[in-house]
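The next block is run_22.txt, given as compact mmCIF, C-alpha atoms.
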# COMPACT_ATOMS: atom_id res chain seq x y z
CA MET O 1 100.77 117.70 127.71
CA LEU O 2 99.00 116.50 124.57
CA LEU O 3 99.97 118.28 121.38
CA PRO O 4 97.15 119.09 118.94
CA LYS O 5 96.89 116.96 115.82
CA LEU O 6 97.94 118.82 112.70
CA CYS O 7 97.41 118.00 109.04
CA ALA O 8 100.74 117.45 107.27
CA GLY O 9 99.22 118.79 104.08
CA CYS O 10 98.10 122.25 105.18
CA GLY O 11 99.30 122.53 108.77
CA GLY O 12 95.78 123.07 110.09
CA PRO O 13 94.29 121.32 113.12
CA GLY O 14 92.74 117.90 112.68
CA PRO O 15 93.61 114.52 111.18
CA SER O 16 96.35 114.10 108.60
CA PRO O 17 95.31 114.57 105.88
CA CYS O 18 92.29 116.69 106.68
CA ARG O 19 89.10 116.61 104.61
CA GLY O 20 90.11 119.70 102.68
CA CYS O 21 93.44 118.22 101.64
CA MET O 22 91.84 114.91 100.67
CA ALA O 23 89.35 116.78 98.50
CA ASP O 24 92.26 118.54 96.79
CA MET O 25 93.92 115.27 95.74
CA ARG O 26 93.42 113.84 92.26
CA ALA O 27 93.37 110.06 91.85
CA VAL O 28 95.63 108.48 89.21
CA GLY O 29 95.25 104.68 89.35
CA GLU O 30 96.84 102.46 86.72
CA MET O 31 99.74 103.81 84.67
CA PRO O 32 101.68 102.34 81.72
CA PRO O 33 104.52 100.36 83.32
CA PRO O 34 108.07 100.66 81.98
CA GLU O 35 109.50 97.24 81.10
CA PRO O 36 110.12 94.90 82.80
CA LEU O 37 107.46 96.03 85.30
CA ALA O 38 104.24 94.06 84.84
CA GLY O 39 102.02 96.72 86.42
CA LEU O 40 102.28 100.22 87.88
CA TRP O 41 99.74 102.12 90.01
CA ALA O 42 99.72 105.50 91.74
CA ALA O 43 97.39 106.74 94.45
CA PHE O 44 97.27 110.42 93.45
CA ALA O 45 98.89 113.14 91.36
CA TYR O 46 101.99 114.73 92.85
CA VAL O 47 100.52 118.24 93.04
CA GLY O 48 98.86 120.40 95.67
CA ALA O 49 98.07 118.75 98.98
CA GLY O 50 99.38 115.36 97.83
CA ARG O 51 102.76 116.82 97.04
CA GLU O 52 102.86 118.63 100.38
CA LEU O 53 102.09 115.43 102.31
CA LEU O 54 104.94 113.56 100.63
CA ALA O 55 107.38 116.46 100.81
CA ARG O 56 106.82 116.89 104.55
CA LEU O 57 107.30 113.17 105.07
CA LYS O 58 110.46 113.07 102.97
CA TYR O 59 112.18 116.28 104.07
CA ARG O 60 110.70 117.06 107.51
CA ASN O 61 110.09 113.54 108.86
CA GLN O 62 106.39 114.27 109.41
CA ARG O 63 104.99 110.74 109.59
CA SER O 64 101.41 111.40 110.63
CA SER O 65 100.11 110.58 107.15
CA VAL O 66 102.09 107.37 106.54
CA ARG O 67 99.23 105.05 107.44
CA TRP O 68 96.78 107.00 105.31
CA LEU O 69 99.22 107.08 102.38
CA ALA O 70 99.64 103.31 102.60
CA SER O 71 95.88 102.81 102.58
CA ALA O 72 95.55 105.10 99.57
CA MET O 73 98.17 103.03 97.70
CA VAL O 74 96.33 99.83 98.58
CA GLY O 75 93.17 101.43 97.20
CA ALA O 76 94.93 102.06 93.88
CA LEU O 77 95.88 98.38 93.46
CA PRO O 78 93.65 95.89 91.63
CA PRO O 79 91.91 93.53 94.08
CA ASP O 80 93.07 90.42 92.20
CA LEU O 81 96.79 91.26 92.24
CA VAL O 82 98.84 88.30 93.55
CA VAL O 83 102.02 89.21 95.43
CA ASP O 84 104.40 87.10 97.53
CA ALA O 85 106.20 90.00 99.20
CA VAL O 86 106.52 93.77 99.38
CA THR O 87 109.83 95.60 99.05
CA TRP O 88 110.86 99.19 98.32
CA ALA O 89 113.15 101.15 96.03
CA PRO O 90 115.75 102.33 98.57
CA THR O 91 117.22 105.80 98.60
CA SER O 92 120.99 106.26 98.66
CA GLN O 93 122.90 105.48 101.85
CA GLN O 94 124.02 109.11 102.02
CA ARG O 95 120.46 110.40 102.04
CA ARG O 96 119.32 107.74 104.50
CA ARG O 97 122.10 108.69 106.92
CA ARG O 98 121.31 112.39 106.60
CA ARG O 99 117.54 111.96 107.09
CA GLY O 100 117.70 109.04 109.50
CA PHE O 101 115.09 107.05 107.58
CA ASP O 102 113.97 105.98 104.11
CA GLN O 103 110.50 107.26 103.24
CA ALA O 104 109.93 104.45 100.71
CA GLU O 105 110.64 101.88 103.44
CA LEU O 106 108.19 103.56 105.82
CA LEU O 107 105.48 103.40 103.15
CA ALA O 108 106.31 99.80 102.22
CA ARG O 109 106.13 98.58 105.82
CA ALA O 110 102.86 100.39 106.41
CA LEU O 111 101.43 98.94 103.19
CA GLY O 112 102.59 95.44 104.16
CA ARG O 113 100.82 95.72 107.50
CA GLU O 114 97.69 96.94 105.72
CA VAL O 115 97.43 93.91 103.44
CA GLY O 116 99.15 91.27 105.60
CA LEU O 117 102.15 90.63 103.33
CA PRO O 118 105.79 90.16 104.35
CA VAL O 119 107.97 93.22 103.81
CA VAL O 120 111.54 92.33 102.87
CA SER O 121 114.63 94.40 102.03
CA LEU O 122 115.54 92.96 98.63
CA LEU O 123 117.41 95.83 96.97
CA LYS O 124 120.52 97.89 97.60
CA ARG O 125 121.06 101.17 95.80
CA VAL O 126 124.51 101.43 94.27
CA ASP O 127 124.33 104.85 92.59
CA ALA O 128 125.80 107.78 94.47
CA ALA O 129 123.32 110.47 93.44
CA GLY O 130 119.66 110.84 94.34
CA GLN O 131 116.92 111.70 91.87
CA THR O 132 115.61 114.91 93.45
CA GLY O 133 116.64 118.01 91.50
CA ARG O 134 117.85 116.12 88.45
CA SER O 135 116.55 116.74 84.94
CA ARG O 136 114.22 114.24 83.23
CA SER O 137 117.09 113.08 80.97
CA GLN O 138 119.41 112.64 83.96
CA ARG O 139 116.73 110.65 85.82
CA SER O 140 116.33 108.28 82.87
CA ARG O 141 120.00 107.22 83.21
CA ALA O 142 119.85 106.40 86.90
CA PRO O 143 119.82 104.75 89.39
CA GLU O 144 121.22 101.23 89.73
CA PHE O 145 120.33 98.51 92.24
CA SER O 146 121.85 95.23 93.33
CA SER O 147 120.10 92.32 95.04
CA ARG O 148 120.47 91.78 98.76
CA ARG O 149 119.01 88.27 98.57
CA PRO O 150 117.08 86.09 96.10
CA PRO O 151 113.55 87.46 95.65
CA PRO O 152 110.33 85.42 95.67
CA ALA O 153 108.43 84.77 92.45
CA THR O 154 106.19 87.85 92.64
CA VAL O 155 107.20 91.16 94.21
CA LEU O 156 105.46 94.50 94.76
CA VAL O 157 107.89 97.44 94.82
CA VAL O 158 106.88 100.57 96.75
CA ASP O 159 108.19 104.09 96.22
CA ASP O 160 106.98 107.53 97.22
CA VAL O 161 106.87 109.28 93.82
CA VAL O 162 107.19 108.27 90.16
CA THR O 163 108.30 110.75 87.49
CA THR O 164 109.96 109.03 84.55
CA GLY O 165 109.73 105.50 86.00
CA ALA O 166 113.51 105.05 85.81
CA THR O 167 113.89 104.13 89.49
CA LEU O 168 111.12 101.53 89.43
CA GLN O 169 112.36 100.17 86.12
CA ALA O 170 115.87 99.70 87.53
CA ALA O 171 114.45 98.04 90.65
CA ALA O 172 112.40 95.62 88.54
CA GLN O 173 115.41 94.78 86.37
CA SER O 174 117.47 93.89 89.44
CA LEU O 175 114.71 91.74 90.94
CA ILE O 176 114.13 89.83 87.71
CA ARG O 177 117.87 89.27 87.27
CA GLY O 178 117.79 87.89 90.81
CA GLY O 179 115.08 85.36 89.95
CA ALA O 180 111.66 87.06 90.31
CA ASN O 181 109.08 86.06 87.70
CA ARG O 182 106.88 89.15 88.01
CA VAL O 183 107.42 92.59 89.51
CA ASP O 184 104.69 95.19 90.03
CA ALA O 185 104.98 98.62 91.59
CA VAL O 186 102.84 101.13 93.46
CA VAL O 187 103.61 104.71 94.48
CA ALA O 188 101.85 107.35 96.49
CA GLY O 189 102.36 110.25 94.09
CA ALA O 190 102.81 110.54 90.32
CA THR O 191 103.77 113.63 88.41
CA PRO O 192 100.71 114.50 86.30
CA LEU O 193 100.92 112.43 83.13
CA PRO O 194 98.29 112.44 80.37
CA SER O 195 98.82 108.71 79.81
CA SER O 196 97.40 107.61 83.18
CA ARG O 197 94.41 105.29 82.71
CA GLN O 198 92.02 106.57 85.37
CA SER O 199 90.05 109.78 85.21
CA PRO O 200 90.96 112.28 87.94
CA GLY O 201 88.80 112.10 91.05
CA MET O 202 88.88 111.55 94.76
CA VAL O 203 91.55 109.23 96.11
CA SER O 204 90.04 105.88 97.11
CA MET O 205 91.24 103.50 99.79
CA ARG O 206 90.75 99.79 100.34
CA THR O 207 91.61 98.45 103.77
CA ASN O 208 92.18 94.89 104.94
CA LYS O 209 91.27 95.17 108.59
CA THR O 210 91.83 91.47 109.28
CA ALA O 211 95.27 91.22 107.69
CA PRO O 212 97.99 89.79 109.94
CA ALA O 213 101.10 91.73 110.82
CA GLU O 214 104.39 91.35 108.96
CA ARG O 215 105.55 87.76 108.98
CA GLU O 216 108.71 85.81 108.18
CA PRO O 217 108.76 85.07 104.44
CA PRO O 218 108.84 81.33 103.68
CA TRP O 219 111.62 81.51 101.09
CA MET O 220 114.29 82.93 103.44
Give the structure from the file, written as structure tokens.
Amino acid sequence: MLLPKLCAGCGGPGPSPCRGCMADMRAVGEMPPPEPLAGLWAAFAYVGAGRELLARLKYRNQRSSVRWLASAMVGALPPDLVVDAVTWAPTSQQRRRRRGFDQAELLARALGREVGLPVVSLLKRVDAAGQTGRSRSQRSRAPEFSSRRPPPATVLVVDDVVTTGATLQAAAQSLIRGGANRVDAVVAGATPLPSSRQSPGMVSMRTNKTAPAEREPPWM
């Protein structure tokens, strides 16, 4: 028996996300990157249908929108960005064991397939607590990462949501300590910030249909 397709944003029948949910999303684009990040981009504001898509992925393991989310993140990136590899800001081991997956890894691997870049696990989270439910001041003091292996010269870090930028900042610091020359980051959702550099509008996507699948990185 074939189950009907449901939108992860509103629960209605159809593709995920449906046209109504896509129309509800507000594009963000380039954001001021916290040092030592060289660049930071977000696909859409973390409100409304966009928030629901990510929340259902993160907490209910509803993966029907992962490919679309990855395409939306690719659409937020500048076309001339040069990257050697894609990695992700991992969640804590406790949360990964409880959920059975890491939503940032799912997004990173889908994004890597979209653009034909190797996706490599470069970071290990060493803090015990997650960021969800913490105050803005608590988020700014955490988390911490260690390197799993030496990174390539240029790395794109993927995460699901950015709030203060503390997680991406810590990830970039670890990668640069490990030997990376430049670290950029892209997220699916951003909490609405007045400092974003793109006027709100429909989320755009750029797709590389001829990109090869994930491949073995040459520096390993």
- Query: Which distance in Å separates CA of Arg148 in chain O and CA of Ser121 in chain O, to one decimal?
  - Reply: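 CA of Arg148 in chain O sits 7.2 Å away from CA of Ser121 in chain O.
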- Interatomic distance between CA of Leu54 in chain O and CA of Ala8 in chain O?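 Spanning CA of Leu54 in chain O to CA of Ala8 in chain O is a straight-line distance of 8.8 Å.
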- Query: Please, which residues are within 8 Å of (100.9, 88.0, 97.0) by the file's coordinates, counting all atoms listed in the file, and could they come as a ChimeraX atom specification?
  - Reply: /O:81-85,117,154-155
- Residue nearest Glu30 in chain O among O:Leu77, O:Val158, O:Ala72, O:Cys10 (counting only C-alpha atoms):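 For Glu30 in chain O, the nearest of the candidates is O:Leu77.
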- Task: To one decimal in Å, tell me the separation between CA of Pro143 in chain O and CA of Gly116 in chain O.
- Result: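 CA of Gly116 in chain O lies 29.5 Å from CA of Pro143 in chain O.
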